[in-house]
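model_26.cif follows (mmCIF, N, CA and C atoms):
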```
data_coords
loop_
_atom_site.label_atom_id
_atom_site.label_comp_id
_atom_site.auth_asym_id
_atom_site.auth_seq_id
_atom_site.Cartn_x
_atom_site.Cartn_y
_atom_site.Cartn_z
N MET A 1185 -75.55 -29.11 -69.89
CA MET A 1185 -74.50 -28.49 -70.68
C MET A 1185 -74.64 -28.87 -72.16
N LEU A 1186 -74.96 -30.13 -72.41
CA LEU A 1186 -75.11 -30.60 -73.79
C LEU A 1186 -76.24 -29.85 -74.50
N VAL A 1187 -77.32 -29.60 -73.79
CA VAL A 1187 -78.45 -28.87 -74.38
C VAL A 1187 -78.02 -27.46 -74.77
N GLN A 1188 -77.22 -26.82 -73.92
CA GLN A 1188 -76.74 -25.47 -74.24
C GLN A 1188 -75.82 -25.47 -75.47
N VAL A 1189 -74.97 -26.47 -75.56
CA VAL A 1189 -74.05 -26.55 -76.71
C VAL A 1189 -74.85 -26.79 -78.00
N ILE A 1190 -75.82 -27.66 -77.94
CA ILE A 1190 -76.68 -27.89 -79.12
C ILE A 1190 -77.46 -26.62 -79.45
N GLY A 1191 -77.96 -25.95 -78.44
CA GLY A 1191 -78.65 -24.68 -78.65
C GLY A 1191 -77.76 -23.64 -79.30
N ALA A 1192 -76.50 -23.57 -78.86
CA ALA A 1192 -75.55 -22.64 -79.46
C ALA A 1192 -75.31 -22.99 -80.93
N PHE A 1193 -75.18 -24.29 -81.21
CA PHE A 1193 -74.99 -24.75 -82.59
C PHE A 1193 -76.13 -24.30 -83.49
N VAL A 1194 -77.35 -24.55 -83.02
CA VAL A 1194 -78.54 -24.17 -83.80
C VAL A 1194 -78.64 -22.66 -83.95
N ALA A 1195 -78.38 -21.93 -82.87
CA ALA A 1195 -78.46 -20.46 -82.91
C ALA A 1195 -77.43 -19.87 -83.87
N VAL A 1196 -76.24 -20.42 -83.86
CA VAL A 1196 -75.20 -19.91 -84.76
C VAL A 1196 -75.54 -20.22 -86.20
N ILE A 1197 -76.08 -21.39 -86.46
CA ILE A 1197 -76.51 -21.70 -87.84
C ILE A 1197 -77.63 -20.76 -88.27
N ALA A 1198 -78.58 -20.51 -87.39
CA ALA A 1198 -79.68 -19.59 -87.71
C ALA A 1198 -79.15 -18.18 -87.99
N ALA A 1199 -78.20 -17.73 -87.18
CA ALA A 1199 -77.60 -16.41 -87.40
C ALA A 1199 -76.82 -16.41 -88.71
N SER A 1200 -76.13 -17.49 -88.99
CA SER A 1200 -75.36 -17.59 -90.25
C SER A 1200 -76.27 -17.48 -91.46
N ILE A 1201 -77.43 -18.12 -91.38
CA ILE A 1201 -78.40 -18.03 -92.47
C ILE A 1201 -78.85 -16.58 -92.63
N THR A 1202 -79.12 -15.93 -91.51
CA THR A 1202 -79.53 -14.51 -91.53
C THR A 1202 -78.45 -13.63 -92.15
N PHE A 1203 -77.18 -13.95 -91.85
CA PHE A 1203 -76.06 -13.17 -92.39
C PHE A 1203 -75.77 -13.50 -93.85
N GLY A 1204 -76.40 -14.53 -94.39
CA GLY A 1204 -76.19 -14.89 -95.78
C GLY A 1204 -74.99 -15.78 -96.03
N VAL A 1205 -74.60 -16.53 -95.03
CA VAL A 1205 -73.47 -17.46 -95.18
C VAL A 1205 -73.90 -18.59 -96.12
N SER A 1206 -73.01 -18.97 -97.01
CA SER A 1206 -73.29 -20.03 -97.97
C SER A 1206 -73.65 -21.34 -97.25
N LYS A 1207 -74.53 -22.11 -97.86
CA LYS A 1207 -74.99 -23.36 -97.25
C LYS A 1207 -73.84 -24.33 -96.97
N LYS A 1208 -72.82 -24.31 -97.79
CA LYS A 1208 -71.72 -25.27 -97.59
C LYS A 1208 -70.86 -24.92 -96.37
N PHE A 1209 -71.02 -23.71 -95.82
CA PHE A 1209 -70.24 -23.30 -94.65
C PHE A 1209 -71.05 -23.29 -93.35
N LEU A 1210 -72.36 -23.53 -93.42
CA LEU A 1210 -73.22 -23.41 -92.24
C LEU A 1210 -72.81 -24.34 -91.11
N MET A 1211 -72.55 -25.58 -91.41
CA MET A 1211 -72.19 -26.54 -90.36
C MET A 1211 -70.88 -26.16 -89.68
N TYR A 1212 -69.96 -25.63 -90.47
CA TYR A 1212 -68.66 -25.24 -89.90
C TYR A 1212 -68.79 -24.04 -88.97
N SER A 1213 -69.58 -23.07 -89.37
CA SER A 1213 -69.77 -21.91 -88.48
C SER A 1213 -70.53 -22.34 -87.23
N GLY A 1214 -71.51 -23.24 -87.38
CA GLY A 1214 -72.22 -23.77 -86.22
C GLY A 1214 -71.31 -24.54 -85.29
N LEU A 1215 -70.41 -25.33 -85.86
CA LEU A 1215 -69.46 -26.09 -85.06
C LEU A 1215 -68.52 -25.15 -84.29
N ALA A 1216 -68.03 -24.12 -84.96
CA ALA A 1216 -67.15 -23.16 -84.28
C ALA A 1216 -67.86 -22.48 -83.12
N GLY A 1217 -69.12 -22.11 -83.32
CA GLY A 1217 -69.88 -21.48 -82.25
C GLY A 1217 -70.18 -22.43 -81.11
N ALA A 1218 -70.51 -23.67 -81.43
CA ALA A 1218 -70.83 -24.66 -80.40
C ALA A 1218 -69.59 -25.01 -79.56
N VAL A 1219 -68.47 -25.19 -80.22
CA VAL A 1219 -67.24 -25.51 -79.50
C VAL A 1219 -66.82 -24.32 -78.63
N SER A 1220 -66.99 -23.13 -79.17
CA SER A 1220 -66.69 -21.92 -78.40
C SER A 1220 -67.54 -21.86 -77.13
N TRP A 1221 -68.83 -22.11 -77.27
CA TRP A 1221 -69.72 -22.09 -76.12
C TRP A 1221 -69.38 -23.21 -75.13
N LEU A 1222 -68.99 -24.36 -75.63
CA LEU A 1222 -68.57 -25.46 -74.76
C LEU A 1222 -67.35 -25.05 -73.94
N VAL A 1223 -66.39 -24.42 -74.57
CA VAL A 1223 -65.19 -23.95 -73.85
C VAL A 1223 -65.59 -22.96 -72.76
N TYR A 1224 -66.48 -22.03 -73.10
CA TYR A 1224 -66.96 -21.06 -72.11
C TYR A 1224 -67.61 -21.78 -70.92
N LEU A 1225 -68.49 -22.73 -71.18
CA LEU A 1225 -69.18 -23.45 -70.11
C LEU A 1225 -68.21 -24.25 -69.25
N VAL A 1226 -67.26 -24.92 -69.88
CA VAL A 1226 -66.28 -25.71 -69.13
C VAL A 1226 -65.45 -24.81 -68.23
N PHE A 1227 -64.99 -23.68 -68.76
CA PHE A 1227 -64.20 -22.75 -67.94
C PHE A 1227 -65.03 -22.20 -66.78
N MET A 1228 -66.28 -21.87 -67.03
CA MET A 1228 -67.13 -21.35 -65.96
C MET A 1228 -67.36 -22.43 -64.90
N LYS A 1229 -67.55 -23.67 -65.33
CA LYS A 1229 -67.76 -24.78 -64.39
C LYS A 1229 -66.51 -25.03 -63.55
N MET A 1230 -65.33 -24.76 -64.12
CA MET A 1230 -64.08 -24.93 -63.38
C MET A 1230 -63.84 -23.78 -62.39
N GLY A 1231 -64.69 -22.78 -62.43
CA GLY A 1231 -64.55 -21.67 -61.49
C GLY A 1231 -63.75 -20.49 -62.02
N VAL A 1232 -63.42 -20.52 -63.31
CA VAL A 1232 -62.71 -19.40 -63.92
C VAL A 1232 -63.68 -18.23 -64.07
N ASN A 1233 -63.20 -17.01 -63.87
CA ASN A 1233 -64.12 -15.87 -63.96
C ASN A 1233 -64.63 -15.68 -65.39
N GLU A 1234 -65.71 -14.94 -65.50
CA GLU A 1234 -66.41 -14.79 -66.78
C GLU A 1234 -65.54 -14.18 -67.87
N LEU A 1235 -64.74 -13.19 -67.51
CA LEU A 1235 -63.91 -12.53 -68.53
C LEU A 1235 -62.90 -13.49 -69.14
N LEU A 1236 -62.24 -14.28 -68.32
CA LEU A 1236 -61.27 -15.24 -68.86
C LEU A 1236 -61.96 -16.37 -69.61
N SER A 1237 -63.16 -16.73 -69.19
CA SER A 1237 -63.92 -17.76 -69.90
C SER A 1237 -64.31 -17.27 -71.29
N VAL A 1238 -64.76 -16.02 -71.39
CA VAL A 1238 -65.09 -15.44 -72.70
C VAL A 1238 -63.84 -15.34 -73.56
N PHE A 1239 -62.73 -14.94 -72.95
CA PHE A 1239 -61.47 -14.81 -73.69
C PHE A 1239 -61.05 -16.16 -74.27
N ALA A 1240 -61.08 -17.21 -73.45
CA ALA A 1240 -60.71 -18.55 -73.93
C ALA A 1240 -61.65 -19.02 -75.04
N ALA A 1241 -62.94 -18.79 -74.85
CA ALA A 1241 -63.92 -19.19 -75.87
C ALA A 1241 -63.67 -18.44 -77.18
N THR A 1242 -63.33 -17.17 -77.08
CA THR A 1242 -63.06 -16.38 -78.28
C THR A 1242 -61.80 -16.86 -78.99
N LEU A 1243 -60.78 -17.20 -78.21
CA LEU A 1243 -59.56 -17.73 -78.84
C LEU A 1243 -59.86 -19.01 -79.61
N VAL A 1244 -60.67 -19.87 -79.03
CA VAL A 1244 -61.03 -21.13 -79.69
C VAL A 1244 -61.86 -20.87 -80.94
N SER A 1245 -62.84 -19.97 -80.85
CA SER A 1245 -63.67 -19.70 -82.03
C SER A 1245 -62.84 -19.05 -83.14
N ALA A 1246 -61.92 -18.18 -82.77
CA ALA A 1246 -61.06 -17.54 -83.78
C ALA A 1246 -60.11 -18.56 -84.41
N LEU A 1247 -59.57 -19.47 -83.59
CA LEU A 1247 -58.69 -20.51 -84.11
C LEU A 1247 -59.44 -21.40 -85.10
N LEU A 1248 -60.62 -21.87 -84.70
CA LEU A 1248 -61.41 -22.71 -85.61
C LEU A 1248 -61.80 -21.95 -86.87
N SER A 1249 -62.14 -20.68 -86.73
CA SER A 1249 -62.51 -19.87 -87.90
C SER A 1249 -61.36 -19.77 -88.89
N HIS A 1250 -60.16 -19.57 -88.38
CA HIS A 1250 -58.99 -19.49 -89.26
C HIS A 1250 -58.70 -20.83 -89.92
N ILE A 1251 -58.82 -21.90 -89.15
CA ILE A 1251 -58.58 -23.23 -89.72
C ILE A 1251 -59.61 -23.54 -90.80
N PHE A 1252 -60.89 -23.30 -90.51
CA PHE A 1252 -61.94 -23.56 -91.51
C PHE A 1252 -61.75 -22.67 -92.74
N ALA A 1253 -61.39 -21.42 -92.53
CA ALA A 1253 -61.22 -20.49 -93.65
C ALA A 1253 -60.12 -20.97 -94.60
N ARG A 1254 -59.04 -21.44 -94.04
CA ARG A 1254 -57.94 -21.90 -94.89
C ARG A 1254 -58.27 -23.24 -95.54
N ALA A 1255 -58.89 -24.12 -94.80
CA ALA A 1255 -59.22 -25.44 -95.35
C ALA A 1255 -60.29 -25.36 -96.44
N LEU A 1256 -61.24 -24.43 -96.27
CA LEU A 1256 -62.36 -24.34 -97.20
C LEU A 1256 -62.24 -23.18 -98.19
N LYS A 1257 -61.11 -22.48 -98.13
CA LYS A 1257 -60.85 -21.35 -99.05
C LYS A 1257 -61.98 -20.31 -98.99
N ALA A 1258 -62.22 -19.82 -97.78
CA ALA A 1258 -63.28 -18.84 -97.55
C ALA A 1258 -62.73 -17.73 -96.64
N PRO A 1259 -63.38 -16.59 -96.61
CA PRO A 1259 -62.96 -15.53 -95.69
C PRO A 1259 -63.16 -15.95 -94.24
N VAL A 1260 -62.27 -15.53 -93.36
CA VAL A 1260 -62.36 -15.87 -91.94
C VAL A 1260 -63.66 -15.37 -91.34
N THR A 1261 -64.12 -14.21 -91.76
CA THR A 1261 -65.31 -13.60 -91.16
C THR A 1261 -66.58 -14.43 -91.38
N VAL A 1262 -66.58 -15.27 -92.40
CA VAL A 1262 -67.73 -16.14 -92.66
C VAL A 1262 -67.97 -17.06 -91.46
N PHE A 1263 -66.90 -17.46 -90.80
CA PHE A 1263 -67.01 -18.35 -89.64
C PHE A 1263 -66.91 -17.59 -88.32
N GLN A 1264 -66.09 -16.56 -88.30
CA GLN A 1264 -65.77 -15.89 -87.05
C GLN A 1264 -66.93 -15.07 -86.48
N ILE A 1265 -67.60 -14.32 -87.31
CA ILE A 1265 -68.68 -13.46 -86.81
C ILE A 1265 -69.82 -14.31 -86.22
N PRO A 1266 -70.30 -15.34 -86.92
CA PRO A 1266 -71.33 -16.17 -86.28
C PRO A 1266 -70.81 -16.92 -85.05
N ALA A 1267 -69.55 -17.35 -85.08
CA ALA A 1267 -69.01 -18.17 -83.99
C ALA A 1267 -68.89 -17.42 -82.67
N ILE A 1268 -68.71 -16.11 -82.72
CA ILE A 1268 -68.58 -15.37 -81.46
C ILE A 1268 -69.94 -14.98 -80.86
N LEU A 1269 -71.01 -15.18 -81.62
CA LEU A 1269 -72.33 -14.76 -81.15
C LEU A 1269 -72.74 -15.32 -79.78
N PRO A 1270 -72.45 -16.58 -79.47
CA PRO A 1270 -72.86 -17.05 -78.14
C PRO A 1270 -72.20 -16.29 -76.98
N THR A 1271 -71.06 -15.71 -77.21
CA THR A 1271 -70.36 -15.00 -76.12
C THR A 1271 -70.62 -13.50 -76.10
N VAL A 1272 -71.30 -12.99 -77.11
CA VAL A 1272 -71.57 -11.54 -77.16
C VAL A 1272 -72.48 -11.16 -75.99
N PRO A 1273 -72.15 -10.09 -75.27
CA PRO A 1273 -72.88 -9.73 -74.04
C PRO A 1273 -74.19 -9.00 -74.27
N GLY A 1274 -75.12 -9.64 -74.97
CA GLY A 1274 -76.41 -9.00 -75.25
C GLY A 1274 -77.24 -8.75 -74.00
N VAL A 1275 -77.24 -9.69 -73.07
CA VAL A 1275 -78.00 -9.52 -71.83
C VAL A 1275 -77.42 -8.36 -71.02
N GLY A 1276 -76.10 -8.23 -71.03
CA GLY A 1276 -75.47 -7.12 -70.30
C GLY A 1276 -75.89 -5.77 -70.86
N MET A 1277 -75.98 -5.68 -72.17
CA MET A 1277 -76.42 -4.43 -72.77
C MET A 1277 -77.88 -4.16 -72.47
N TYR A 1278 -78.69 -5.20 -72.49
CA TYR A 1278 -80.10 -5.06 -72.14
C TYR A 1278 -80.24 -4.54 -70.71
N ARG A 1279 -79.50 -5.16 -69.79
CA ARG A 1279 -79.57 -4.73 -68.40
C ARG A 1279 -79.06 -3.31 -68.21
N THR A 1280 -78.04 -2.93 -68.97
CA THR A 1280 -77.53 -1.57 -68.91
C THR A 1280 -78.64 -0.57 -69.27
N VAL A 1281 -79.31 -0.83 -70.37
CA VAL A 1281 -80.39 0.07 -70.81
C VAL A 1281 -81.56 0.03 -69.84
N TYR A 1282 -81.89 -1.16 -69.35
CA TYR A 1282 -83.00 -1.29 -68.41
C TYR A 1282 -82.76 -0.44 -67.16
N TYR A 1283 -81.59 -0.58 -66.57
CA TYR A 1283 -81.31 0.18 -65.34
C TYR A 1283 -81.15 1.67 -65.63
N MET A 1284 -80.74 1.99 -66.84
CA MET A 1284 -80.66 3.40 -67.22
C MET A 1284 -82.07 4.00 -67.28
N ILE A 1285 -83.00 3.24 -67.85
CA ILE A 1285 -84.38 3.72 -67.98
C ILE A 1285 -85.04 3.90 -66.61
N ILE A 1286 -84.79 2.96 -65.69
CA ILE A 1286 -85.44 3.08 -64.38
C ILE A 1286 -84.66 4.01 -63.44
N GLY A 1287 -83.52 4.51 -63.90
CA GLY A 1287 -82.79 5.52 -63.14
C GLY A 1287 -81.83 5.01 -62.09
N ASP A 1288 -81.45 3.74 -62.14
CA ASP A 1288 -80.50 3.18 -61.18
C ASP A 1288 -79.08 3.33 -61.74
N LYS A 1289 -78.42 4.42 -61.36
CA LYS A 1289 -77.11 4.74 -61.92
C LYS A 1289 -76.04 3.72 -61.52
N GLU A 1290 -76.13 3.21 -60.32
CA GLU A 1290 -75.13 2.25 -59.86
C GLU A 1290 -75.16 0.97 -60.69
N MET A 1291 -76.35 0.41 -60.88
CA MET A 1291 -76.48 -0.82 -61.66
C MET A 1291 -76.20 -0.56 -63.14
N THR A 1292 -76.58 0.63 -63.62
CA THR A 1292 -76.27 0.99 -65.01
C THR A 1292 -74.77 0.96 -65.23
N GLY A 1293 -74.05 1.59 -64.33
CA GLY A 1293 -72.59 1.62 -64.43
C GLY A 1293 -71.97 0.24 -64.33
N TYR A 1294 -72.50 -0.57 -63.42
CA TYR A 1294 -71.98 -1.93 -63.24
C TYR A 1294 -72.13 -2.75 -64.52
N TYR A 1295 -73.35 -2.79 -65.06
CA TYR A 1295 -73.58 -3.61 -66.25
C TYR A 1295 -72.90 -3.03 -67.49
N PHE A 1296 -72.81 -1.71 -67.57
CA PHE A 1296 -72.11 -1.09 -68.70
C PHE A 1296 -70.64 -1.47 -68.67
N SER A 1297 -70.04 -1.39 -67.49
CA SER A 1297 -68.63 -1.74 -67.33
C SER A 1297 -68.39 -3.22 -67.66
N LYS A 1298 -69.25 -4.07 -67.15
CA LYS A 1298 -69.12 -5.51 -67.39
C LYS A 1298 -69.28 -5.83 -68.88
N THR A 1299 -70.23 -5.18 -69.53
CA THR A 1299 -70.47 -5.39 -70.96
C THR A 1299 -69.26 -4.95 -71.78
N LEU A 1300 -68.69 -3.81 -71.45
CA LEU A 1300 -67.50 -3.34 -72.16
C LEU A 1300 -66.31 -4.27 -71.94
N GLN A 1301 -66.17 -4.79 -70.74
CA GLN A 1301 -65.06 -5.71 -70.46
C GLN A 1301 -65.19 -6.99 -71.28
N ILE A 1302 -66.40 -7.53 -71.34
CA ILE A 1302 -66.61 -8.76 -72.13
C ILE A 1302 -66.37 -8.49 -73.61
N ALA A 1303 -66.90 -7.38 -74.11
CA ALA A 1303 -66.67 -7.02 -75.52
C ALA A 1303 -65.18 -6.83 -75.79
N GLY A 1304 -64.48 -6.25 -74.83
CA GLY A 1304 -63.03 -6.07 -74.97
C GLY A 1304 -62.30 -7.40 -75.02
N MET A 1305 -62.72 -8.36 -74.21
CA MET A 1305 -62.11 -9.69 -74.23
C MET A 1305 -62.32 -10.37 -75.57
N ILE A 1306 -63.50 -10.19 -76.14
CA ILE A 1306 -63.79 -10.76 -77.45
C ILE A 1306 -62.86 -10.13 -78.50
N ALA A 1307 -62.75 -8.82 -78.46
CA ALA A 1307 -61.89 -8.12 -79.43
C ALA A 1307 -60.43 -8.53 -79.27
N ILE A 1308 -59.96 -8.62 -78.04
CA ILE A 1308 -58.56 -9.00 -77.80
C ILE A 1308 -58.30 -10.43 -78.25
N GLY A 1309 -59.24 -11.33 -77.97
CA GLY A 1309 -59.07 -12.72 -78.40
C GLY A 1309 -58.98 -12.85 -79.91
N ILE A 1310 -59.84 -12.14 -80.61
CA ILE A 1310 -59.80 -12.17 -82.08
C ILE A 1310 -58.50 -11.57 -82.58
N PHE A 1311 -58.10 -10.45 -82.00
CA PHE A 1311 -56.86 -9.78 -82.42
C PHE A 1311 -55.65 -10.69 -82.21
N ILE A 1312 -55.57 -11.34 -81.06
CA ILE A 1312 -54.43 -12.21 -80.78
C ILE A 1312 -54.37 -13.36 -81.78
N MET A 1313 -55.51 -14.01 -82.03
CA MET A 1313 -55.49 -15.15 -82.95
C MET A 1313 -55.19 -14.70 -84.38
N ASP A 1314 -55.70 -13.55 -84.79
CA ASP A 1314 -55.37 -13.02 -86.12
C ASP A 1314 -53.88 -12.74 -86.22
N THR A 1315 -53.31 -12.19 -85.17
CA THR A 1315 -51.87 -11.89 -85.16
C THR A 1315 -51.05 -13.17 -85.23
N VAL A 1316 -51.45 -14.19 -84.49
CA VAL A 1316 -50.75 -15.47 -84.52
C VAL A 1316 -50.79 -16.06 -85.93
N PHE A 1317 -51.94 -16.03 -86.57
CA PHE A 1317 -52.04 -16.59 -87.91
C PHE A 1317 -51.27 -15.77 -88.93
N ARG A 1318 -51.30 -14.45 -88.80
CA ARG A 1318 -50.52 -13.61 -89.74
C ARG A 1318 -49.03 -13.87 -89.58
N THR A 1319 -48.58 -14.00 -88.35
CA THR A 1319 -47.17 -14.27 -88.09
C THR A 1319 -46.79 -15.65 -88.61
N PHE A 1320 -47.63 -16.64 -88.37
CA PHE A 1320 -47.37 -17.99 -88.83
C PHE A 1320 -47.32 -18.06 -90.35
N LEU A 1321 -48.24 -17.37 -91.01
CA LEU A 1321 -48.26 -17.41 -92.48
C LEU A 1321 -47.08 -16.69 -93.09
N ARG A 1322 -46.62 -15.63 -92.45
CA ARG A 1322 -45.43 -14.92 -92.96
C ARG A 1322 -44.19 -15.79 -92.88
N LYS A 1323 -44.05 -16.55 -91.79
CA LYS A 1323 -42.89 -17.41 -91.64
C LYS A 1323 -42.90 -18.55 -92.63
N GLU A 1324 -44.11 -18.97 -93.02
CA GLU A 1324 -44.27 -20.07 -93.94
C GLU A 1324 -43.82 -19.70 -95.35
N LYS A 1325 -44.01 -18.45 -95.73
CA LYS A 1325 -43.74 -18.01 -97.12
C LYS A 1325 -42.29 -17.83 -97.39
#
```

Could the structure of this file be written out as structure tokens, please?
Amino acid sequence: MLVQVIGAFVAVIAASITFGVSKKFLMYSGLAGAVSWLVYLVFMKMGVNELLSVFAATLVSALLSHIFARALKAPVTVFQIPAILPTVPGVGMYRTVYYMIIGDKEMTGYYFSKTLQIAGMIAIGIFIMDTVFRTFLRKEK
């Protein structure tokens, strides 16, 4: 598990560099991605289904992204986009296209549906955390 979390940290930093994230924010985006992946792994190990594990991981990455953005006076997306990368269903999309090419409609539909569900969980998690922070900031003012 530790190797995967370190791998997620390195991968998120590499993606952040590719996205042009400033050097002073690289470690923070890597930390958000690594913690997010750790949450996903812990939930999966506890027997929670994949969709709820992705949802929990996304909530954590969005929370950390908002905290880092406010603490470091940076846009949330600088941290959030790289931080969700470990949970993005790239393998599911690959499998969808693979089974589509070989003509297996049943498996194509299965992986397409699963990929959309995971992407939906990511979107909902980000939306919920953004809403919580917007509501919290309005009450503060």

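For the file at hand, the PyMOL selection byres ((chain A and resi 1240) around 8) resolves to Ser1220, Val1223, Tyr1224, Glu1234, Leu1235, Leu1236, Ser1237, Val1238, Phe1239, Ala1241, Thr1242, Leu1243, Val1244, Ser1245, Ala1246, Met1305, Ile1306 and Gly1309 of chain A.
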
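The space separating CA of Gly1204 (chain A) from atom C of Gln1188 (chain A) comes to 22.9 Å.
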
Per residue of region 1231-1291 of chain A within 7 Å of region 1192-1200 of chain A, what are the shortest atom pair and its distance in Å to one decimal, counting only N, CA and C atoms, with rows by chain and residue number, as a Markdown table?
```
| residue | atom | partner | partner_atom | distance |
| --- | --- | --- | --- | --- |
| A:Pro1266 | C | A:Val1196 | CA | 5.3 |
| A:Ala1267 | N | A:Val1196 | CA | 6.2 |
| A:Leu1269 | CA | A:Val1196 | CA | 6.9 |
| A:Pro1270 | CA | A:Ala1192 | CA | 6.3 |
```

Checklist entry - Which distance in Å separates atom N of Phe1311 (chain A) and atom N of Thr1292 (chain A), to one decimal? => result 28.3 Å

Next on the checklist: Residue by residue, what does the PyMOL selection byres (((chain A and resi 1258-1265 and name CA) around 9) and name CA) grab here? Present the result as a VMD selection string.
Outcome noted: chain A and resid 1200 1203 1205 to 1206 1209 to 1210 1212 to 1214 1216 to 1217 1245 to 1257 1266 to 1269 1310

Next on the checklist: Show me, as JSON, numbers by chain, the residues that have an atom within 8 Å of Gly1276 (chain A) when counting all atoms listed in the file, minus same-chain residues fewer than 4 positions from it.
Outcome noted: {"A": [1272, 1280, 1281, 1282, 1294, 1295, 1296, 1298, 1299, 1300]}

Checklist entry - Tell me, which residues of chain A carry DSSP alpha helix (DSSP H), written as a ChimeraX atom specification? => result /A:1186-1203,1210-1229,1234-1256,1261-1268,1274-1286,1289-1324

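Taking atom N of Leu1222 (chain A) and atom C of Met1185 (chain A) as the two end points, the separation is 8.0 Å.
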
Would you mind putting back N, CA, C and O atoms on region 1281-1292 of chain A, then writing it out as a PDB file, keeping the file's coordinate frame?
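Saved to result31.pdb:
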```
ATOM      1  N   VAL A1281     -79.310  -0.830 -70.370  1.00  0.00           N
ATOM      2  CA  VAL A1281     -80.390   0.070 -70.810  1.00  0.00           C
ATOM      3  C   VAL A1281     -81.560   0.030 -69.840  1.00  0.00           C
ATOM      4  O   VAL A1281     -82.144   1.063 -69.513  1.00  0.00           O
ATOM      5  N   TYR A1282     -81.890  -1.160 -69.350  1.00  0.00           N
ATOM      6  CA  TYR A1282     -83.000  -1.290 -68.410  1.00  0.00           C
ATOM      7  C   TYR A1282     -82.760  -0.440 -67.160  1.00  0.00           C
ATOM      8  O   TYR A1282     -83.632   0.329 -66.747  1.00  0.00           O
ATOM      9  N   TYR A1283     -81.590  -0.580 -66.570  1.00  0.00           N
ATOM     10  CA  TYR A1283     -81.310   0.180 -65.340  1.00  0.00           C
ATOM     11  C   TYR A1283     -81.150   1.670 -65.630  1.00  0.00           C
ATOM     12  O   TYR A1283     -81.420   2.504 -64.776  1.00  0.00           O
ATOM     13  N   MET A1284     -80.740   1.990 -66.840  1.00  0.00           N
ATOM     14  CA  MET A1284     -80.660   3.400 -67.220  1.00  0.00           C
ATOM     15  C   MET A1284     -82.070   4.000 -67.280  1.00  0.00           C
ATOM     16  O   MET A1284     -82.307   5.114 -66.806  1.00  0.00           O
ATOM     17  N   ILE A1285     -83.000   3.240 -67.850  1.00  0.00           N
ATOM     18  CA  ILE A1285     -84.380   3.720 -67.980  1.00  0.00           C
ATOM     19  C   ILE A1285     -85.040   3.900 -66.610  1.00  0.00           C
ATOM     20  O   ILE A1285     -85.736   4.887 -66.380  1.00  0.00           O
ATOM     21  N   ILE A1286     -84.790   2.960 -65.690  1.00  0.00           N
ATOM     22  CA  ILE A1286     -85.440   3.080 -64.380  1.00  0.00           C
ATOM     23  C   ILE A1286     -84.660   4.010 -63.440  1.00  0.00           C
ATOM     24  O   ILE A1286     -85.120   4.283 -62.336  1.00  0.00           O
ATOM     25  N   GLY A1287     -83.520   4.510 -63.900  1.00  0.00           N
ATOM     26  CA  GLY A1287     -82.790   5.520 -63.140  1.00  0.00           C
ATOM     27  C   GLY A1287     -81.830   5.010 -62.090  1.00  0.00           C
ATOM     28  O   GLY A1287     -81.397   5.763 -61.222  1.00  0.00           O
ATOM     29  N   ASP A1288     -81.450   3.740 -62.140  1.00  0.00           N
ATOM     30  CA  ASP A1288     -80.500   3.180 -61.180  1.00  0.00           C
ATOM     31  C   ASP A1288     -79.080   3.330 -61.740  1.00  0.00           C
ATOM     32  O   ASP A1288     -78.591   2.490 -62.482  1.00  0.00           O
ATOM     33  N   LYS A1289     -78.420   4.420 -61.360  1.00  0.00           N
ATOM     34  CA  LYS A1289     -77.110   4.740 -61.920  1.00  0.00           C
ATOM     35  C   LYS A1289     -76.040   3.720 -61.520  1.00  0.00           C
ATOM     36  O   LYS A1289     -75.148   3.411 -62.319  1.00  0.00           O
ATOM     37  N   GLU A1290     -76.130   3.210 -60.320  1.00  0.00           N
ATOM     38  CA  GLU A1290     -75.130   2.250 -59.860  1.00  0.00           C
ATOM     39  C   GLU A1290     -75.160   0.970 -60.690  1.00  0.00           C
ATOM     40  O   GLU A1290     -74.124   0.485 -61.152  1.00  0.00           O
ATOM     41  N   MET A1291     -76.350   0.410 -60.880  1.00  0.00           N
ATOM     42  CA  MET A1291     -76.480  -0.820 -61.660  1.00  0.00           C
ATOM     43  C   MET A1291     -76.200  -0.560 -63.140  1.00  0.00           C
ATOM     44  O   MET A1291     -75.647  -1.418 -63.831  1.00  0.00           O
ATOM     45  N   THR A1292     -76.580   0.630 -63.620  1.00  0.00           N
ATOM     46  CA  THR A1292     -76.270   0.990 -65.010  1.00  0.00           C
ATOM     47  C   THR A1292     -74.770   0.960 -65.230  1.00  0.00           C
ATOM     48  O   THR A1292     -74.277   0.369 -66.187  1.00  0.00           O
TER      49      THR A1292
END
```
